[in-house]
Amino acid sequence: MNKKQKKMLIRIIIAAALMIALHFAYDFFGEHRTEEGEIINEWAIREPVWFILYMIPYLVVGYDILRKAFKGILNRQVFDENFLMVVATVGAIAVALVEQNGDYTEAIAVMLFYQTGELFQSYAVGKSRRNISALMDIRPDHANIEQDGELVQVDPDEVEIGTVVTVKPGEKIPIDGIITEGRTTLNTSALTGESLPREAGEGDEVISGCINMTGVIKLRTTKEFGESTVSKILELVENSSSRKSKSEDFISRFAKYYTPAVCGCALALAILPPLFLMIFGKGMFWGQWIYRALTFLVISCPCALVISIPLTFFAGIGGAGNAGILVKGSNYLEALSKTGIVAFDKTGTMTKGVFEVKGVHHSSIDNAKLLEYTAHAECMSSHPIAKSIIKTYQEGVIWKTDPDTGIAVPVPSTDKKMYRGEHRIMKDRVGSVEEIGGNGIVAIVDGREIVAGNRKLMDMKGIEAMVCHYVGTVVHVAVDGEYAGHILISDVNKPTAREAVAALKKAGVRRSVMLTGDSEKVAESVAAELGIDEVKSELLPEDKVKAVEELLADKKPKEILAFVGDGINDAPVLSRADIGIAMGALGSDAAIEAADIVLMDDDPAKIAKAIRISRKCMTIVYENIYFAIGIKLLCLILGAFGIANMWMAIFADVGVMVLAVINAIRALFVKKV
Amino acid sequence: MKKSYKIDVDCANCANKMEDAAKKTAGVKDCSVSFMSLKMNVEFEEGADVDAVMKEVLKNCKKVEDDCEIFL
């Protein structure tokens, strides 16, 4: 509790103690009358004294409300909750004065409960604010840089690009950079929600905000602090609640009309029925109706709604952030719950985006030899396919024949010696290399002519190539003009991709569509493997925007279309879809800019999780709206008929608010969602 | 130009009022107040004198909500 809250608590305790003491004192020393109205106990303390005594706790607990209400009127801000409380309590005191029943307790109690509610609310909000900022506590405090042979701690903001920064175990990496010295294990959980630590060594790019767990590392910074991942994320998180959801807008508009409306009703309730009764000659009941009108006012405070709805979104966004899902605003969290169509990008989103050698087919020479020749022929190339062949060769795989298909499949070898010795690319074995643009390579390896490339290249060289029936990229290889077989290379599906699609369906996604630039055959096979409903293949980046527009035109009203991409080349699609989700976007500024939701690691299962979090959040929001408005309406009706007294009214106000706030905080817990 | 300020305010409704008051201030193009993160993001009109505008914003906010604070 902060100072303000402690002061409030003390005021509440003093006022409550005084009120209870006075209540009992009144029983003993108050005026007791007979039924005819004669005072029995002549020695009793008389009326004005009680009034003054009761005013002490009232002012102790409520002076600031009185002051605010008065200032509000001066500044023409009449209808706020301070005003409501003042009218209600002053009214109750006036009724007690007129009826001479000495019942001032009610007015004090109303004020007391109102202040207790406010105190609770400010405590709960402060607490959840701290909780959420603790979840996102990734801001590094300092950077260690070497100055005159000594390590000095400086503000990360002052570190220039290219500076060498030392990070000790237990410290956060302050700025994005590349490791120049040392090996370590990094804890990325604060950034990605991924609990498995990551290994990093020399030459690896590391992002700021990770915690260095084991070894001392030195890194050369590649960005300024302000441009680093950690700053980008913090900026995004801190500004997230400024984009308001429709529900929040609804509530603030609701509150704007609601309070004056209720005040009007209360006024009508105080004046019209007694006037009516008077006209029909049934006598006057002013006191009773004014009391009912005041009860009305106490019930009417919109606090429960005004506080709990934004708090729910805030907690939901905080909880999602902790799970590695950054939501840029409450509006997106709200929209996400209505997702009916999800469109995916293929490469990098549902697949790893790295090529792997899947097998060697129809080889006329030894599989290992074929790979060795091809790897050497391709050793100068930086093409991803060439790289995957070289990598497989260097890893020293063993070829095993699949008994079902008869294809040789590479299995990683466990023999570490192979990697260092035999399976090294020796450039002196390679003679001339000629790249045939986009088709392949012709190279001399060990004095033999190796032709490696696509079908076109084989046709050009007049070599008859075997057709491959499998899906993927095929590299045909010929040795000395003789066809020697082909290597099948394909992208690998992410391990969680299949589950992710199933989880999305379970979460209520009606239609899943894959958009890809890849060939139809590859796209169809990936979609079938993952259980995706529809495929649109061979799309250029601009076609993807068109495809999304078609889907948008085709969706049901109120349904939301989400597009999930890896942020490379699909920024326009991310911004065109109702909700753009960028995945594995750490370090990619363009994606963070364009997307509405950023998944910090590249696990597609997080998409469904994000939808489930938003559903939970919206359930809580609706629960609170219905619950608060329902209870209030009920109490308003009961109050109008004189069934609900002011004590019930206090529950309708403060009790509902406390319950709504507690319910709202549930949105923070998303681990098991 | 956009700038972000730390604020202090007691209730959510008061934060909404501050937002309205700030939006109506001359020189402010747009403004959003987040009660949860206690931040005010202000977008200024082209060529506005930021310091002077913010003083005016604070004054207007004080009018609608007496114990709010903007840390300029």
# chains A, B, ... in the order shown; residues from 1 in each chain; ligands from 1
$ interface_residues --of "chain A" --to "chain B" --cutoff "10 Å" --atoms "only C-alpha atoms" --output "VMD selection string"
chain A and resid 67 to 69 71 to 78 80 to 81 118 to 119 121 to 122 125 to 126 128 to 130 132 to 133 237 to 244 249 251 to 252 255 to 256 302 to 303 305 to 311 313 to 315
$ write_last_selection --atoms "N, CA and C atoms" --output "tab-separated table (two decimals), in the first residue's frame"
chain	number	residue	atom	x	y	z
A	67	ARG	N	-15.29	17.79	-1.06
A	67	ARG	CA	-14.48	18.82	-1.73
A	67	ARG	C	-14.48	18.61	-3.23
A	68	LYS	N	-14.31	17.34	-3.63
A	68	LYS	CA	-14.26	17.05	-5.07
A	68	LYS	C	-15.58	17.36	-5.74
A	69	ALA	N	-16.67	17.01	-5.06
A	69	ALA	CA	-18.00	17.26	-5.63
A	69	ALA	C	-18.22	18.76	-5.81
A	71	LYS	N	-15.85	21.10	-6.10
A	71	LYS	CA	-14.99	21.58	-7.20
A	71	LYS	C	-15.56	21.18	-8.55
A	72	GLY	N	-16.12	19.96	-8.58
A	72	GLY	CA	-16.73	19.47	-9.81
A	72	GLY	C	-17.84	20.40	-10.28
A	73	ILE	N	-18.65	20.83	-9.33
A	73	ILE	CA	-19.74	21.73	-9.69
A	73	ILE	C	-19.19	23.06	-10.20
A	74	LEU	N	-18.14	23.55	-9.53
A	74	LEU	CA	-17.52	24.81	-9.97
A	74	LEU	C	-16.99	24.67	-11.39
A	75	ASN	N	-16.42	23.47	-11.72
A	75	ASN	CA	-15.85	23.27	-13.05
A	75	ASN	C	-16.85	22.68	-14.03
A	76	ARG	N	-18.10	22.72	-13.68
A	76	ARG	CA	-19.18	22.22	-14.52
A	76	ARG	C	-19.03	20.75	-14.87
A	77	GLN	N	-18.56	20.00	-13.91
A	77	GLN	CA	-18.48	18.55	-14.07
A	77	GLN	C	-19.42	17.96	-13.04
A	78	VAL	N	-20.71	18.11	-13.28
A	78	VAL	CA	-21.66	17.85	-12.21
A	78	VAL	C	-21.85	16.36	-11.93
A	80	ASP	N	-20.70	13.31	-11.55
A	80	ASP	CA	-19.74	12.23	-11.37
A	80	ASP	C	-20.07	11.50	-10.08
A	81	GLU	N	-19.30	10.45	-9.79
A	81	GLU	CA	-19.69	9.62	-8.65
A	81	GLU	C	-19.54	10.37	-7.32
A	118	GLU	N	-13.40	2.14	-2.95
A	118	GLU	CA	-12.39	2.88	-3.71
A	118	GLU	C	-10.99	2.45	-3.31
A	119	LEU	N	-10.80	2.26	-2.01
A	119	LEU	CA	-9.49	1.85	-1.50
A	119	LEU	C	-9.14	0.47	-2.05
A	121	GLN	N	-10.28	-0.95	-4.70
A	121	GLN	CA	-10.06	-0.85	-6.13
A	121	GLN	C	-8.65	-0.32	-6.44
A	122	SER	N	-8.26	0.73	-5.73
A	122	SER	CA	-6.96	1.31	-6.05
A	122	SER	C	-5.84	0.35	-5.64
A	125	VAL	N	-5.89	-2.55	-8.34
A	125	VAL	CA	-5.35	-2.11	-9.61
A	125	VAL	C	-3.84	-1.92	-9.51
A	126	GLY	N	-3.41	-1.29	-8.42
A	126	GLY	CA	-1.97	-1.08	-8.22
A	126	GLY	C	-1.23	-2.40	-8.18
A	128	SER	N	-2.19	-5.35	-9.49
A	128	SER	CA	-2.12	-6.04	-10.78
A	128	SER	C	-1.21	-5.29	-11.74
A	129	ARG	N	-1.16	-3.98	-11.60
A	129	ARG	CA	-0.24	-3.20	-12.43
A	129	ARG	C	1.20	-3.64	-12.16
A	130	ARG	N	1.51	-3.80	-10.87
A	130	ARG	CA	2.87	-4.23	-10.52
A	130	ARG	C	3.13	-5.66	-11.00
A	132	ILE	N	1.83	-7.22	-13.52
A	132	ILE	CA	1.98	-7.28	-14.96
A	132	ILE	C	3.31	-6.69	-15.38
A	133	SER	N	3.71	-5.60	-14.73
A	133	SER	CA	5.01	-5.05	-15.13
A	133	SER	C	6.14	-5.98	-14.70
A	237	VAL	N	4.41	-2.96	-25.41
A	237	VAL	CA	3.63	-3.38	-24.25
A	237	VAL	C	3.05	-2.17	-23.53
A	238	GLU	N	3.90	-1.15	-23.38
A	238	GLU	CA	3.45	0.01	-22.63
A	238	GLU	C	2.34	0.77	-23.33
A	239	ASN	N	2.33	0.71	-24.67
A	239	ASN	CA	1.31	1.46	-25.39
A	239	ASN	C	0.09	0.62	-25.69
A	240	SER	N	0.15	-0.67	-25.29
A	240	SER	CA	-0.90	-1.58	-25.75
A	240	SER	C	-2.28	-1.18	-25.25
A	241	SER	N	-2.35	-0.66	-24.02
A	241	SER	CA	-3.70	-0.40	-23.52
A	241	SER	C	-4.26	0.92	-24.02
A	242	SER	N	-3.51	1.63	-24.85
A	242	SER	CA	-4.04	2.89	-25.35
A	242	SER	C	-5.00	2.68	-26.53
A	243	ARG	N	-4.92	1.50	-27.16
A	243	ARG	CA	-5.90	1.20	-28.20
A	243	ARG	C	-7.08	0.53	-27.55
A	244	LYS	N	-8.17	1.24	-27.47
A	244	LYS	CA	-9.28	0.73	-26.66
A	244	LYS	C	-10.19	-0.19	-27.46
A	249	ASP	N	-15.01	1.19	-25.05
A	249	ASP	CA	-15.66	2.38	-25.58
A	249	ASP	C	-17.13	2.40	-25.17
A	251	ILE	N	-18.47	1.04	-22.59
A	251	ILE	CA	-18.62	1.34	-21.17
A	251	ILE	C	-18.43	2.82	-20.90
A	252	SER	N	-17.41	3.43	-21.55
A	252	SER	CA	-17.23	4.85	-21.23
A	252	SER	C	-18.35	5.70	-21.81
A	255	ALA	N	-21.28	5.10	-19.42
A	255	ALA	CA	-21.16	5.85	-18.18
A	255	ALA	C	-21.55	7.31	-18.38
A	256	LYS	N	-21.24	7.82	-19.58
A	256	LYS	CA	-21.50	9.23	-19.86
A	256	LYS	C	-23.00	9.54	-19.81
A	302	PRO	N	-21.45	3.82	-11.62
A	302	PRO	CA	-21.03	2.87	-12.64
A	302	PRO	C	-19.62	2.30	-12.41
A	303	CYS	N	-19.09	2.48	-11.20
A	303	CYS	CA	-17.68	2.14	-10.96
A	303	CYS	C	-17.34	0.71	-11.35
A	305	LEU	N	-18.31	-1.27	-13.57
A	305	LEU	CA	-18.07	-1.45	-14.99
A	305	LEU	C	-16.85	-0.67	-15.44
A	306	VAL	N	-16.81	0.58	-15.04
A	306	VAL	CA	-15.78	1.47	-15.54
A	306	VAL	C	-14.39	0.96	-15.16
A	307	ILE	N	-14.30	0.31	-14.00
A	307	ILE	CA	-12.98	-0.15	-13.60
A	307	ILE	C	-12.69	-1.56	-14.10
A	308	SER	N	-13.70	-2.46	-14.05
A	308	SER	CA	-13.37	-3.87	-14.27
A	308	SER	C	-13.11	-4.21	-15.73
A	309	ILE	N	-13.74	-3.50	-16.66
A	309	ILE	CA	-13.57	-3.88	-18.07
A	309	ILE	C	-12.14	-3.58	-18.56
A	310	PRO	N	-11.65	-2.34	-18.37
A	310	PRO	CA	-10.27	-2.09	-18.78
A	310	PRO	C	-9.28	-2.97	-18.00
A	311	LEU	N	-9.59	-3.24	-16.74
A	311	LEU	CA	-8.69	-4.07	-15.94
A	311	LEU	C	-8.62	-5.48	-16.52
A	313	PHE	N	-8.95	-6.38	-19.68
A	313	PHE	CA	-8.12	-6.34	-20.88
A	313	PHE	C	-6.65	-6.19	-20.52
A	314	PHE	N	-6.42	-5.33	-19.55
A	314	PHE	CA	-5.04	-5.10	-19.12
A	314	PHE	C	-4.42	-6.40	-18.62
A	315	ALA	N	-5.19	-7.12	-17.79
A	315	ALA	CA	-4.69	-8.38	-17.24
A	315	ALA	C	-4.52	-9.41	-18.35
$ select_by_dssp --residues "chain B" --states "alpha helix (DSSP H)" --output "list in words"
Ala12, Asn13, Cys14, Ala15, Asn16, Lys17, Met18, Glu19, Asp20, Ala21, Ala22, Lys23, Lys24, Val50, Asp51, Ala52, Val53, Met54, Lys55, Glu56, Val57, Leu58, Lys59, Asn60, Cys61, Lys62, Lys63 and Val64 of chain B
$ write_last_selection --atoms "N, CA and C atoms" --output "compact mmCIF listing (two decimals), in the first residue's frame"
# COMPACT_ATOMS: atom_id res chain seq x y z
N ALA B 12 -10.62 4.91 -13.00
CA ALA B 12 -10.65 4.70 -14.45
C ALA B 12 -11.48 5.76 -15.14
N ASN B 13 -12.58 6.12 -14.51
CA ASN B 13 -13.46 7.11 -15.11
C ASN B 13 -12.75 8.46 -15.20
N CYS B 14 -11.94 8.75 -14.14
CA CYS B 14 -11.20 10.02 -14.14
C CYS B 14 -10.21 10.04 -15.30
N ALA B 15 -9.63 8.86 -15.59
CA ALA B 15 -8.68 8.79 -16.70
C ALA B 15 -9.39 9.11 -18.01
N ASN B 16 -10.62 8.59 -18.15
CA ASN B 16 -11.39 8.90 -19.36
C ASN B 16 -11.66 10.39 -19.48
N LYS B 17 -11.96 11.01 -18.32
CA LYS B 17 -12.24 12.45 -18.34
C LYS B 17 -10.99 13.23 -18.74
N MET B 18 -9.83 12.77 -18.22
CA MET B 18 -8.59 13.45 -18.57
C MET B 18 -8.36 13.37 -20.07
N GLU B 19 -8.66 12.19 -20.63
CA GLU B 19 -8.48 12.01 -22.06
C GLU B 19 -9.33 13.00 -22.85
N ASP B 20 -10.59 13.11 -22.45
CA ASP B 20 -11.48 14.05 -23.13
C ASP B 20 -10.97 15.47 -23.02
N ALA B 21 -10.55 15.82 -21.80
CA ALA B 21 -10.07 17.20 -21.57
C ALA B 21 -8.84 17.48 -22.42
N ALA B 22 -7.93 16.51 -22.49
CA ALA B 22 -6.69 16.72 -23.24
C ALA B 22 -7.00 16.84 -24.72
N LYS B 23 -7.96 16.03 -25.20
CA LYS B 23 -8.30 16.06 -26.62
C LYS B 23 -8.83 17.43 -27.04
N LYS B 24 -9.52 18.08 -26.10
CA LYS B 24 -10.14 19.36 -26.43
C LYS B 24 -9.15 20.51 -26.37
N VAL B 50 5.22 22.18 -27.70
CA VAL B 50 4.89 21.04 -26.84
C VAL B 50 4.74 21.44 -25.37
N ASP B 51 5.72 22.18 -24.86
CA ASP B 51 5.70 22.51 -23.44
C ASP B 51 4.48 23.34 -23.06
N ALA B 52 4.20 24.34 -23.92
CA ALA B 52 3.07 25.22 -23.63
C ALA B 52 1.76 24.45 -23.71
N VAL B 53 1.66 23.57 -24.74
CA VAL B 53 0.44 22.79 -24.91
C VAL B 53 0.22 21.88 -23.70
N MET B 54 1.31 21.26 -23.25
CA MET B 54 1.17 20.33 -22.14
C MET B 54 0.76 21.04 -20.86
N LYS B 55 1.24 22.27 -20.68
CA LYS B 55 0.83 23.04 -19.50
C LYS B 55 -0.68 23.28 -19.54
N GLU B 56 -1.16 23.57 -20.74
CA GLU B 56 -2.58 23.81 -20.93
C GLU B 56 -3.37 22.51 -20.68
N VAL B 57 -2.80 21.39 -21.18
CA VAL B 57 -3.45 20.10 -20.98
C VAL B 57 -3.58 19.80 -19.49
N LEU B 58 -2.50 20.04 -18.77
CA LEU B 58 -2.52 19.79 -17.33
C LEU B 58 -3.60 20.63 -16.65
N LYS B 59 -3.67 21.91 -17.08
CA LYS B 59 -4.65 22.81 -16.48
C LYS B 59 -6.07 22.30 -16.73
N ASN B 60 -6.32 21.88 -17.97
CA ASN B 60 -7.65 21.38 -18.31
C ASN B 60 -7.99 20.09 -17.58
N CYS B 61 -6.96 19.25 -17.41
CA CYS B 61 -7.18 17.98 -16.71
C CYS B 61 -7.50 18.25 -15.24
N LYS B 62 -6.79 19.21 -14.66
CA LYS B 62 -7.04 19.56 -13.26
C LYS B 62 -8.46 20.03 -13.07
N LYS B 63 -9.00 20.66 -14.11
CA LYS B 63 -10.35 21.16 -14.02
C LYS B 63 -11.34 20.03 -13.88
N VAL B 64 -11.14 18.97 -14.69
CA VAL B 64 -12.12 17.89 -14.66
C VAL B 64 -11.84 16.90 -13.54
$ closest_residue --among "A:Ala500, A:Ala16, A:Ile637, A:Ile450" --to "Pro604 (chain A)" --atoms "only C-alpha atoms"
A:Ala500
$ select_by_dssp --residues "chain B" --states "strand (DSSP E)" --output "list in words"
Lys2, Lys3, Ser4, Tyr5, Lys6, Ile7, Asp8, Val28, Lys29, Asp30, Cys31, Ser32, Val33, Ser34, Lys39, Met40, Asn41, Val42, Glu43, Phe44, Glu69, Ile70 and Phe71 of chain B
$ residues_around --residues "region 568-584 of chain A" --least-positions-apart "2" --cutoff "10 Å" --atoms "only C-alpha atoms" --output "mmCIF file with N, CA and C atoms, in the first residue's frame"
data_model
loop_
_atom_site.group_PDB
_atom_site.id
_atom_site.type_symbol
_atom_site.label_atom_id
_atom_site.label_comp_id
_atom_site.auth_asym_id
_atom_site.auth_seq_id
_atom_site.Cartn_x
_atom_site.Cartn_y
_atom_site.Cartn_z
ATOM 1 N N THR A 192 9.981 -15.052 -24.921
ATOM 2 C CA THR A 192 9.244 -15.949 -25.795
ATOM 3 C C THR A 192 8.266 -16.831 -25.042
ATOM 4 N N GLY A 324 4.451 -15.147 -24.171
ATOM 5 C CA GLY A 324 5.171 -14.902 -25.419
ATOM 6 C C GLY A 324 4.271 -14.419 -26.538
ATOM 7 N N ILE A 325 3.083 -13.922 -26.182
ATOM 8 C CA ILE A 325 2.166 -13.398 -27.198
ATOM 9 C C ILE A 325 1.965 -11.913 -26.925
ATOM 10 N N LEU A 326 2.485 -11.074 -27.808
ATOM 11 C CA LEU A 326 2.334 -9.637 -27.604
ATOM 12 C C LEU A 326 1.113 -9.154 -28.350
ATOM 13 N N VAL A 327 0.172 -8.576 -27.630
ATOM 14 C CA VAL A 327 -1.027 -8.044 -28.258
ATOM 15 C C VAL A 327 -0.900 -6.533 -28.236
ATOM 16 N N TYR A 332 -7.545 -5.534 -30.404
ATOM 17 C CA TYR A 332 -7.144 -6.752 -31.108
ATOM 18 C C TYR A 332 -7.454 -7.983 -30.273
ATOM 19 N N LEU A 333 -7.287 -7.850 -28.968
ATOM 20 C CA LEU A 333 -7.599 -8.974 -28.086
ATOM 21 C C LEU A 333 -9.091 -9.298 -28.200
ATOM 22 N N ALA A 335 -11.097 -8.562 -30.819
ATOM 23 C CA ALA A 335 -11.400 -9.067 -32.159
ATOM 24 C C ALA A 335 -10.968 -10.524 -32.307
ATOM 25 N N LEU A 336 -9.861 -10.858 -31.715
ATOM 26 C CA LEU A 336 -9.297 -12.202 -31.860
ATOM 27 C C LEU A 336 -10.283 -13.273 -31.404
ATOM 28 N N THR A 339 -12.431 -14.849 -34.143
ATOM 29 C CA THR A 339 -11.753 -15.382 -35.322
ATOM 30 C C THR A 339 -12.501 -16.587 -35.881
ATOM 31 N N VAL A 342 -8.692 -18.513 -40.453
ATOM 32 C CA VAL A 342 -7.268 -18.249 -40.270
ATOM 33 C C VAL A 342 -6.557 -18.580 -41.565
ATOM 34 N N ALA A 343 -5.801 -17.629 -42.081
ATOM 35 C CA ALA A 343 -4.988 -17.881 -43.269
ATOM 36 C C ALA A 343 -3.530 -17.947 -42.820
ATOM 37 N N PHE A 344 -2.819 -18.930 -43.348
ATOM 38 C CA PHE A 344 -1.409 -19.080 -42.974
ATOM 39 C C PHE A 344 -0.523 -18.831 -44.170
ATOM 40 N N ASP A 345 0.634 -18.357 -43.866
ATOM 41 C CA ASP A 345 1.720 -18.398 -44.822
ATOM 42 C C ASP A 345 2.348 -19.783 -44.614
ATOM 43 N N THR A 347 5.888 -21.132 -45.723
ATOM 44 C CA THR A 347 7.300 -21.228 -45.375
ATOM 45 C C THR A 347 7.614 -20.344 -44.173
ATOM 46 N N GLY A 348 8.205 -20.930 -43.162
ATOM 47 C CA GLY A 348 8.594 -20.158 -41.990
ATOM 48 C C GLY A 348 7.493 -20.044 -40.959
ATOM 49 N N THR A 349 6.234 -20.333 -41.390
ATOM 50 C CA THR A 349 5.135 -20.253 -40.437
ATOM 51 C C THR A 349 4.720 -21.650 -40.003
ATOM 52 N N LEU A 540 2.233 -14.927 -55.888
ATOM 53 C CA LEU A 540 3.257 -13.902 -55.687
ATOM 54 C C LEU A 540 2.806 -13.062 -54.491
ATOM 55 N N PRO A 541 3.725 -12.307 -53.874
ATOM 56 C CA PRO A 541 3.310 -11.528 -52.704
ATOM 57 C C PRO A 541 2.046 -10.705 -52.921
ATOM 58 N N GLU A 542 1.909 -10.083 -54.107
ATOM 59 C CA GLU A 542 0.711 -9.251 -54.318
ATOM 60 C C GLU A 542 -0.546 -10.118 -54.486
ATOM 61 N N ASP A 543 -0.349 -11.359 -54.977
ATOM 62 C CA ASP A 543 -1.488 -12.277 -55.090
ATOM 63 C C ASP A 543 -2.015 -12.642 -53.710
ATOM 64 N N LYS A 544 -1.087 -12.685 -52.752
ATOM 65 C CA LYS A 544 -1.505 -13.043 -51.395
ATOM 66 C C LYS A 544 -2.478 -11.996 -50.868
ATOM 67 N N VAL A 545 -2.195 -10.727 -51.128
ATOM 68 C CA VAL A 545 -3.105 -9.665 -50.690
ATOM 69 C C VAL A 545 -4.465 -9.877 -51.331
ATOM 70 N N LYS A 546 -4.454 -10.198 -52.648
ATOM 71 C CA LYS A 546 -5.722 -10.430 -53.364
ATOM 72 C C LYS A 546 -6.471 -11.607 -52.755
ATOM 73 N N ALA A 547 -5.726 -12.677 -52.463
ATOM 74 C CA ALA A 547 -6.350 -13.877 -51.889
ATOM 75 C C ALA A 547 -7.008 -13.541 -50.553
ATOM 76 N N VAL A 548 -6.304 -12.738 -49.753
ATOM 77 C CA VAL A 548 -6.863 -12.349 -48.453
ATOM 78 C C VAL A 548 -8.108 -11.489 -48.650
ATOM 79 N N GLU A 549 -8.072 -10.617 -49.660
ATOM 80 C CA GLU A 549 -9.245 -9.777 -49.928
ATOM 81 C C GLU A 549 -10.445 -10.618 -50.326
ATOM 82 N N LEU A 551 -10.970 -13.684 -49.384
ATOM 83 C CA LEU A 551 -11.440 -14.332 -48.159
ATOM 84 C C LEU A 551 -12.243 -13.355 -47.308
ATOM 85 N N LEU A 552 -11.781 -12.103 -47.273
ATOM 86 C CA LEU A 552 -12.460 -11.077 -46.485
ATOM 87 C C LEU A 552 -13.871 -10.849 -47.013
ATOM 88 N N GLU A 559 -17.439 -11.837 -38.409
ATOM 89 C CA GLU A 559 -16.392 -12.828 -38.267
ATOM 90 C C GLU A 559 -15.052 -12.142 -38.526
ATOM 91 N N ILE A 560 -14.018 -12.655 -37.908
ATOM 92 C CA ILE A 560 -12.710 -12.024 -38.053
ATOM 93 C C ILE A 560 -11.776 -12.949 -38.821
ATOM 94 N N LEU A 561 -11.024 -12.359 -39.745
ATOM 95 C CA LEU A 561 -10.030 -13.122 -40.474
ATOM 96 C C LEU A 561 -8.641 -12.779 -39.931
ATOM 97 N N ALA A 562 -7.942 -13.803 -39.511
ATOM 98 C CA ALA A 562 -6.585 -13.577 -39.024
ATOM 99 C C ALA A 562 -5.601 -14.138 -40.026
ATOM 100 N N PHE A 563 -4.534 -13.415 -40.278
ATOM 101 C CA PHE A 563 -3.486 -13.930 -41.145
ATOM 102 C C PHE A 563 -2.222 -14.126 -40.302
ATOM 103 N N VAL A 564 -1.630 -15.295 -40.466
ATOM 104 C CA VAL A 564 -0.423 -15.588 -39.713
ATOM 105 C C VAL A 564 0.746 -15.702 -40.684
ATOM 106 N N GLY A 565 1.757 -14.914 -40.459
ATOM 107 C CA GLY A 565 2.919 -14.975 -41.327
ATOM 108 C C GLY A 565 4.179 -14.817 -40.524
ATOM 109 N N ASP A 566 5.313 -15.041 -41.186
ATOM 110 C CA ASP A 566 6.563 -14.914 -40.441
ATOM 111 C C ASP A 566 7.153 -13.519 -40.586
ATOM 112 N N LEU A 586 10.853 -11.839 -33.417
ATOM 113 C CA LEU A 586 11.866 -11.138 -32.629
ATOM 114 C C LEU A 586 12.978 -10.659 -33.539
ATOM 115 N N GLY A 587 13.225 -9.391 -33.494
ATOM 116 C CA GLY A 587 14.320 -8.862 -34.293
ATOM 117 C C GLY A 587 13.893 -8.375 -35.658
ATOM 118 N N SER A 588 12.673 -8.730 -36.103
ATOM 119 C CA SER A 588 12.227 -8.231 -37.402
ATOM 120 C C SER A 588 11.306 -7.035 -37.204
ATOM 121 N N ALA A 590 10.040 -4.813 -39.278
ATOM 122 C CA ALA A 590 8.931 -4.614 -40.215
ATOM 123 C C ALA A 590 7.715 -5.393 -39.758
ATOM 124 N N ALA A 591 7.950 -6.627 -39.316
ATOM 125 C CA ALA A 591 6.836 -7.465 -38.880
ATOM 126 C C ALA A 591 6.205 -6.912 -37.618
ATOM 127 N N ILE A 592 7.035 -6.472 -36.678
ATOM 128 C CA ILE A 592 6.505 -5.924 -35.430
ATOM 129 C C ILE A 592 5.667 -4.684 -35.726
ATOM 130 N N GLU A 593 6.101 -3.903 -36.705
ATOM 131 C CA GLU A 593 5.350 -2.709 -37.095
ATOM 132 C C GLU A 593 4.000 -3.078 -37.696
ATOM 133 N N ALA A 594 4.029 -4.024 -38.638
ATOM 134 C CA ALA A 594 2.833 -4.298 -39.446
ATOM 135 C C ALA A 594 1.813 -5.153 -38.710
ATOM 136 N N ALA A 595 2.268 -5.999 -37.802
ATOM 137 C CA ALA A 595 1.354 -6.955 -37.189
ATOM 138 C C ALA A 595 0.581 -6.331 -36.039
ATOM 139 N N ASP A 596 -0.549 -6.955 -35.715
ATOM 140 C CA ASP A 596 -1.344 -6.517 -34.570
ATOM 141 C C ASP A 596 -1.026 -7.373 -33.361
ATOM 142 N N ILE A 597 -0.642 -8.608 -33.655
ATOM 143 C CA ILE A 597 -0.260 -9.515 -32.583
ATOM 144 C C ILE A 597 1.074 -10.132 -32.985
ATOM 145 N N VAL A 598 1.991 -10.181 -32.070
ATOM 146 C CA VAL A 598 3.308 -10.712 -32.374
ATOM 147 C C VAL A 598 3.556 -11.928 -31.492
ATOM 148 N N LEU A 599 3.827 -13.074 -32.135
ATOM 149 C CA LEU A 599 4.213 -14.253 -31.371
ATOM 150 C C LEU A 599 5.727 -14.229 -31.281
ATOM 151 N N MET A 600 6.241 -14.230 -30.067
ATOM 152 C CA MET A 600 7.668 -13.976 -29.952
ATOM 153 C C MET A 600 8.513 -15.182 -30.325
ATOM 154 N N ASP A 601 8.000 -16.399 -30.162
ATOM 155 C CA ASP A 601 8.758 -17.514 -30.718
ATOM 156 C C ASP A 601 8.011 -17.993 -31.964
ATOM 157 N N ASP A 602 8.508 -19.061 -32.606
ATOM 158 C CA ASP A 602 7.870 -19.404 -33.877
ATOM 159 C C ASP A 602 7.017 -20.662 -33.758
ATOM 160 N N ASP A 603 6.389 -20.827 -32.602
ATOM 161 C CA ASP A 603 5.562 -21.991 -32.378
ATOM 162 C C ASP A 603 4.123 -21.723 -32.830
ATOM 163 N N PRO A 604 3.650 -22.405 -33.899
ATOM 164 C CA PRO A 604 2.288 -22.124 -34.385
ATOM 165 C C PRO A 604 1.203 -22.465 -33.367
ATOM 166 N N LYS A 606 0.895 -21.377 -30.610
ATOM 167 C CA LYS A 606 0.565 -20.153 -29.872
ATOM 168 C C LYS A 606 -0.633 -19.415 -30.475
ATOM 169 N N ILE A 607 -0.929 -19.696 -31.759
ATOM 170 C CA ILE A 607 -2.055 -18.992 -32.393
ATOM 171 C C ILE A 607 -3.343 -19.370 -31.677
#
$ atom_distance --atom1 "CA of Ser537 (chain A)" --atom2 "CA of Val509 (chain A)"
21.2 Å
